file final-v1.txt (compact mmCIF, C-alpha atoms)
# COMPACT_ATOMS: atom_id res chain seq x y z
CA MET G 1 -24.55 -30.32 5.08
CA ASN G 2 -26.58 -27.35 3.86
CA LYS G 3 -25.15 -24.59 1.71
CA ARG G 4 -26.04 -20.93 1.78
CA THR G 5 -25.93 -19.25 -1.63
CA ARG G 6 -25.45 -15.50 -1.88
CA THR G 7 -25.14 -13.15 -4.84
CA GLY G 8 -23.30 -9.85 -5.09
CA ILE G 9 -23.38 -7.22 -7.83
CA GLY G 10 -20.81 -4.58 -8.67
CA GLN G 11 -20.29 -1.90 -11.30
CA ASP G 12 -17.41 0.29 -12.44
CA SER G 13 -16.73 2.68 -15.28
CA HIS G 14 -13.91 4.92 -16.43
CA ARG G 15 -13.40 7.48 -19.18
CA PHE G 16 -10.60 6.83 -21.67
CA LEU G 17 -7.50 9.02 -21.74
CA SER G 18 -6.67 10.85 -24.95
CA PRO G 19 -5.54 8.64 -27.84
CA GLY G 20 -1.78 8.27 -27.83
CA SER G 21 -1.57 8.16 -24.03
CA SER G 22 1.25 5.95 -22.79
CA LYS G 23 -0.97 4.36 -20.10
CA PRO G 24 -2.09 0.91 -21.29
CA CYS G 25 -5.74 -0.15 -21.49
CA ILE G 26 -6.09 -3.03 -19.03
CA ILE G 27 -9.40 -4.89 -18.78
CA GLY G 28 -9.72 -8.17 -16.90
CA GLY G 29 -5.96 -8.07 -16.37
CA ILE G 30 -5.37 -8.18 -20.15
CA ILE G 31 -3.63 -5.38 -22.05
CA PHE G 32 -5.58 -4.13 -25.08
CA GLU G 33 -3.45 -2.30 -27.64
CA ASP G 34 -6.41 -0.92 -29.63
CA ALA G 35 -7.65 1.53 -26.97
CA PRO G 36 -6.10 4.16 -24.70
CA GLY G 37 -5.81 3.64 -20.96
CA PHE G 38 -8.35 4.88 -18.44
CA MET G 39 -8.52 8.08 -16.42
CA ALA G 40 -7.90 6.60 -12.98
CA ASN G 41 -5.37 6.72 -10.17
CA SER G 42 -4.93 2.97 -10.61
CA ASP G 43 -4.72 1.06 -13.90
CA GLY G 44 -8.51 1.55 -14.10
CA ASP G 45 -9.30 -2.11 -14.77
CA ILE G 46 -13.12 -1.92 -14.86
CA VAL G 47 -13.57 -5.69 -14.65
CA PHE G 48 -11.45 -6.14 -11.52
CA HIS G 49 -13.05 -3.04 -9.98
CA ALA G 50 -16.57 -4.31 -10.69
CA ILE G 51 -15.68 -7.68 -9.13
CA CYS G 52 -14.28 -5.87 -6.07
CA ASN G 53 -17.56 -3.96 -5.77
CA ALA G 54 -19.55 -7.20 -6.12
CA ILE G 55 -17.53 -8.68 -3.27
CA THR G 56 -18.15 -5.53 -1.21
CA SER G 57 -21.89 -6.01 -1.76
CA LEU G 58 -21.51 -9.44 -0.13
CA THR G 59 -19.17 -8.57 2.72
CA GLY G 60 -19.77 -4.90 3.45
CA VAL G 61 -16.00 -4.34 3.40
CA LEU G 62 -15.24 -1.31 1.20
CA ILE G 63 -12.30 -2.23 -1.02
CA LEU G 64 -12.38 0.56 -3.62
CA GLY G 65 -12.23 3.87 -1.83
CA ASN G 66 -10.61 2.49 1.32
CA ILE G 67 -8.16 -0.35 0.94
CA ALA G 68 -7.38 0.33 -2.74
CA ASP G 69 -6.89 4.06 -2.08
CA GLU G 70 -4.41 3.25 0.67
CA LEU G 71 -2.53 0.87 -1.64
CA CYS G 72 -2.63 3.24 -4.62
CA LEU G 73 -2.15 6.69 -3.12
CA HIS G 74 0.14 5.82 -0.20
CA GLU G 75 2.02 2.75 -1.41
CA GLY G 76 2.03 3.46 -5.16
CA ILE G 77 0.34 0.16 -6.08
CA THR G 78 -1.78 0.73 -9.20
CA ASP G 79 -2.29 -2.90 -10.26
CA SER G 80 -6.00 -3.68 -9.77
CA GLU G 81 -5.25 -7.38 -9.42
CA VAL G 82 -3.74 -6.52 -6.03
CA TYR G 83 -7.01 -4.81 -5.01
CA LEU G 84 -9.00 -7.83 -6.17
CA ARG G 85 -6.81 -10.16 -4.14
CA GLU G 86 -7.45 -7.97 -1.09
CA ALA G 87 -11.20 -8.20 -1.74
CA LEU G 88 -10.99 -11.99 -1.96
CA LYS G 89 -9.47 -12.11 1.53
CA THR G 90 -12.68 -10.58 2.94
CA LEU G 91 -14.89 -13.46 1.75
CA GLY G 92 -14.06 -15.64 4.74
CA ASN G 93 -15.69 -19.07 4.28
CA LYS G 94 -17.64 -18.00 1.19
CA LYS G 95 -16.43 -19.78 -1.96
CA ILE G 96 -17.03 -18.18 -5.33
CA SER G 97 -18.97 -20.60 -7.52
CA HIS G 98 -19.63 -18.35 -10.53
CA VAL G 99 -18.97 -14.86 -11.86
CA ALA G 100 -20.72 -13.14 -14.76
CA ILE G 101 -19.20 -10.06 -16.37
CA THR G 102 -20.76 -7.76 -18.94
CA ILE G 103 -18.89 -4.86 -20.51
CA GLU G 104 -20.26 -1.95 -22.52
CA ALA G 105 -17.73 -0.18 -24.73
CA LYS G 106 -17.20 0.77 -28.36
CA LYS G 107 -13.53 -0.07 -27.98
CA PRO G 108 -11.42 -2.10 -27.53
CA LYS G 109 -12.50 -5.10 -29.56
CA PHE G 110 -13.14 -7.96 -27.13
CA PHE G 111 -14.23 -10.95 -29.22
CA ASP G 112 -10.78 -12.48 -29.82
CA ARG G 113 -9.71 -11.91 -26.19
CA LEU G 114 -12.76 -13.18 -24.26
CA LEU G 115 -11.28 -16.61 -23.49
CA GLU G 116 -8.01 -15.03 -22.35
CA MET G 117 -9.97 -12.74 -20.03
CA ARG G 118 -12.03 -15.65 -18.66
CA GLU G 119 -8.90 -17.70 -18.02
CA ASN G 120 -7.22 -14.83 -16.18
CA ILE G 121 -10.27 -14.11 -14.03
CA ALA G 122 -10.66 -17.83 -13.23
CA ARG G 123 -6.98 -18.04 -12.23
CA ILE G 124 -7.34 -15.18 -9.75
CA LEU G 125 -10.71 -16.26 -8.33
CA LEU G 126 -9.55 -19.90 -8.08
CA ILE G 127 -12.53 -21.22 -10.04
CA ASP G 128 -12.93 -23.17 -13.27
CA VAL G 129 -12.93 -21.15 -16.48
CA LEU G 130 -16.38 -22.63 -17.21
CA ASP G 131 -17.63 -20.73 -14.14
CA VAL G 132 -16.60 -17.38 -15.61
CA GLY G 133 -18.87 -15.70 -18.13
CA VAL G 134 -17.77 -12.58 -20.00
CA THR G 135 -19.86 -10.72 -22.56
CA ALA G 136 -19.28 -7.40 -24.28
CA THR G 137 -21.52 -5.05 -26.24
CA SER G 138 -21.29 -1.66 -27.88
CA GLY G 139 -24.83 -0.89 -26.81
CA GLU G 140 -25.44 0.32 -30.36
CA GLY G 141 -23.89 3.66 -29.40
CA LEU G 142 -26.79 4.66 -27.15
CA THR G 143 -24.57 5.70 -24.21
CA ASP G 144 -21.24 7.48 -23.81
CA PHE G 145 -19.64 4.05 -23.38
CA GLY G 146 -21.06 2.83 -26.67
CA CYS G 147 -19.93 6.05 -28.33
CA GLY G 148 -16.31 5.42 -27.31
CA ASP G 149 -15.80 7.85 -24.42
CA GLY G 150 -15.05 5.12 -21.89
CA ALA G 151 -16.08 1.67 -20.74
CA GLN G 152 -18.48 0.26 -18.17
CA CYS G 153 -18.62 -3.13 -16.49
CA PHE G 154 -21.12 -4.99 -14.32
CA ALA G 155 -20.16 -8.09 -12.34
CA ILE G 156 -22.37 -10.59 -10.57
CA ILE G 157 -20.74 -13.05 -8.20
CA THR G 158 -22.37 -16.13 -6.74
CA THR G 159 -20.89 -17.62 -3.57
CA GLU G 160 -21.62 -20.69 -1.51
CA GLU G 161 -20.96 -21.20 2.17
CA ALA G 162 -21.42 -24.33 4.23
CA CYS G 163 -24.06 -23.97 6.95
CA ASN G 164 -24.69 -26.10 10.01

call {"tool": "encode", "arguments": {"input": "final-v1.txt", "output": "structure tokens"}}
result
Amino acid sequence: MNKRTRTGIGQDSHRFLSPGSSKPCIIGGIIFEDAPGFMANSDGDIVFHAICNAITSLTGVLILGNIADELCLHEGITDSEVYLREALKTLGNKKISHVAITIEAKKPKFFDRLLEMRENIARILLIDVLDVGVTATSGEGLTDFGCGDGAQCFAIITTEEACN
């Protein structure tokens, strides 16, 4: 049986709220205590949003801006994991074989939490943790993200689908 491999890319970014905000900073479904939350109607999870956008690039089904807005603004659901699970439903017979995530931000500090993020992403995507790559950089302060104003994430998803 032949397999068809496809790749999708997604991006998301959000500005941080003022320090001392009560909204938690959630990235990859993990709460980071050393940074304020994001300016967003939802929890602003840039990793889950970037993965949703990568799935949209594969399926053409707009999750953020359509489905997520309905869930957030009309049903009060702000948990981005719910949006990601909705995106996964649109994949049909495509199976995720790998996801690569790269984050640019001055804060929070990611190094000690990378494995925890990978495990959480793998759990949701139903793939092995070895098939989840997460990297983070400050970008040497060359952008607003590297200067601490917010955070940006890119996600690349590889899927496989059986072909006749």

call {"tool": "atom_distance", "arguments": {"input": "final-v1.txt", "atom1": "atom CA of Gly139 of chain G", "atom2": "atom CA of Ile101 of chain G"}}
result
15.0 Å

call {"tool": "closest_residue", "arguments": {"input": "final-v1.txt", "among": "G:Gly10, G:Pro19, G:Gly150, G:Gly28", "to": "Ser57 of chain G", "atoms": "only C-alpha atoms"}}
result
G:Gly10

call {"tool": "residues_around", "arguments": {"input": "final-v1.txt", "residues": "Ser42 of chain G", "least_positions_apart": "6", "cutoff": "12 Å", "atoms": "all atoms listed in the file", "output": "ChimeraX atom specification"}}
result
/G:14,23-26,48-49,64-65,68-83

call {"tool": "closest_residue", "arguments": {"input": "final-v1.txt", "among": "G:Thr56, G:Ser21, G:Asn164, G:Thr159", "to": "Asp34 of chain G", "atoms": "all atoms listed in the file"}}
result
G:Ser21

call {"tool": "atom_distance", "arguments": {"input": "final-v1.txt", "atom1": "atom CA of Glu161 of chain G", "atom2": "atom CA of Arg118 of chain G"}}
result
23.3 Å

call {"tool": "closest_residue", "arguments": {"input": "final-v1.txt", "among": "G:Cys163, G:Ile103, G:Val132, G:Ile121", "to": "Gly146 of chain G", "atoms": "only C-alpha atoms"}}
result
G:Ile103

call {"tool": "atom_distance", "arguments": {"input": "final-v1.txt", "atom1": "atom CA of Val99 of chain G", "atom2": "atom CA of Ile127 of chain G"}}
result
9.2 Å

call {"tool": "closest_residue", "arguments": {"input": "final-v1.txt", "among": "G:Ala50, G:Ile67, G:Cys147, G:Leu88", "to": "Phe16 of chain G", "atoms": "all atoms listed in the file"}}
result
G:Cys147

call {"tool": "closest_residue", "arguments": {"input": "final-v1.txt", "among": "G:Ser13, G:Thr90, G:Asn41, G:Ser97", "to": "Phe145 of chain G", "atoms": "only C-alpha atoms"}}
result
G:Ser13

call {"tool": "residues_around", "arguments": {"input": "final-v1.txt", "residues": "Ile96 of chain G", "least_positions_apart": "4", "cutoff": "10 Å", "atoms": "all atoms listed in the file", "output": "list in words"}}
result
Thr5, Arg6, Thr7, Ile55, Leu88, Leu91, Leu125, Leu126, Ile127, Asp131, Ile157, Thr158, Thr159, Glu160 and Glu161 of chain G

call {"tool": "closest_residue", "arguments": {"input": "final-v1.txt", "among": "G:Leu115, G:Thr59, G:Ala54, G:Lys109", "to": "Asn93 of chain G", "atoms": "only C-alpha atoms"}}
result
G:Thr59

call {"tool": "residues_around", "arguments": {"input": "final-v1.txt", "residues": "Lys107 of chain G", "least_positions_apart": "2", "cutoff": "7 Å", "atoms": "only C-alpha atoms", "output": "list in words"}}
result
Ala35, Ala105, Lys109 and Gly148 of chain G

call {"tool": "axis_aligned_box", "arguments": {"input": "final-v1.txt", "around": "segment 121-124 of chain G", "padding_each_side": "5 Å", "output": "AutoDock Vina command-line options"}}
result
--center_x -8.8 --center_y -16.1 --center_z -11.9 --size_x 13.7 --size_y 13.9 --size_z 14.3

call {"tool": "residues_near_point", "arguments": {"input": "final-v1.txt", "point": "(-17.7, 2.3, -13.3)", "cutoff": "7 Å", "atoms": "only C-alpha atoms", "output": "list in words"}}
result
Gln11, Asp12, Ser13, His14, Ile46, Gln152 and Cys153 of chain G
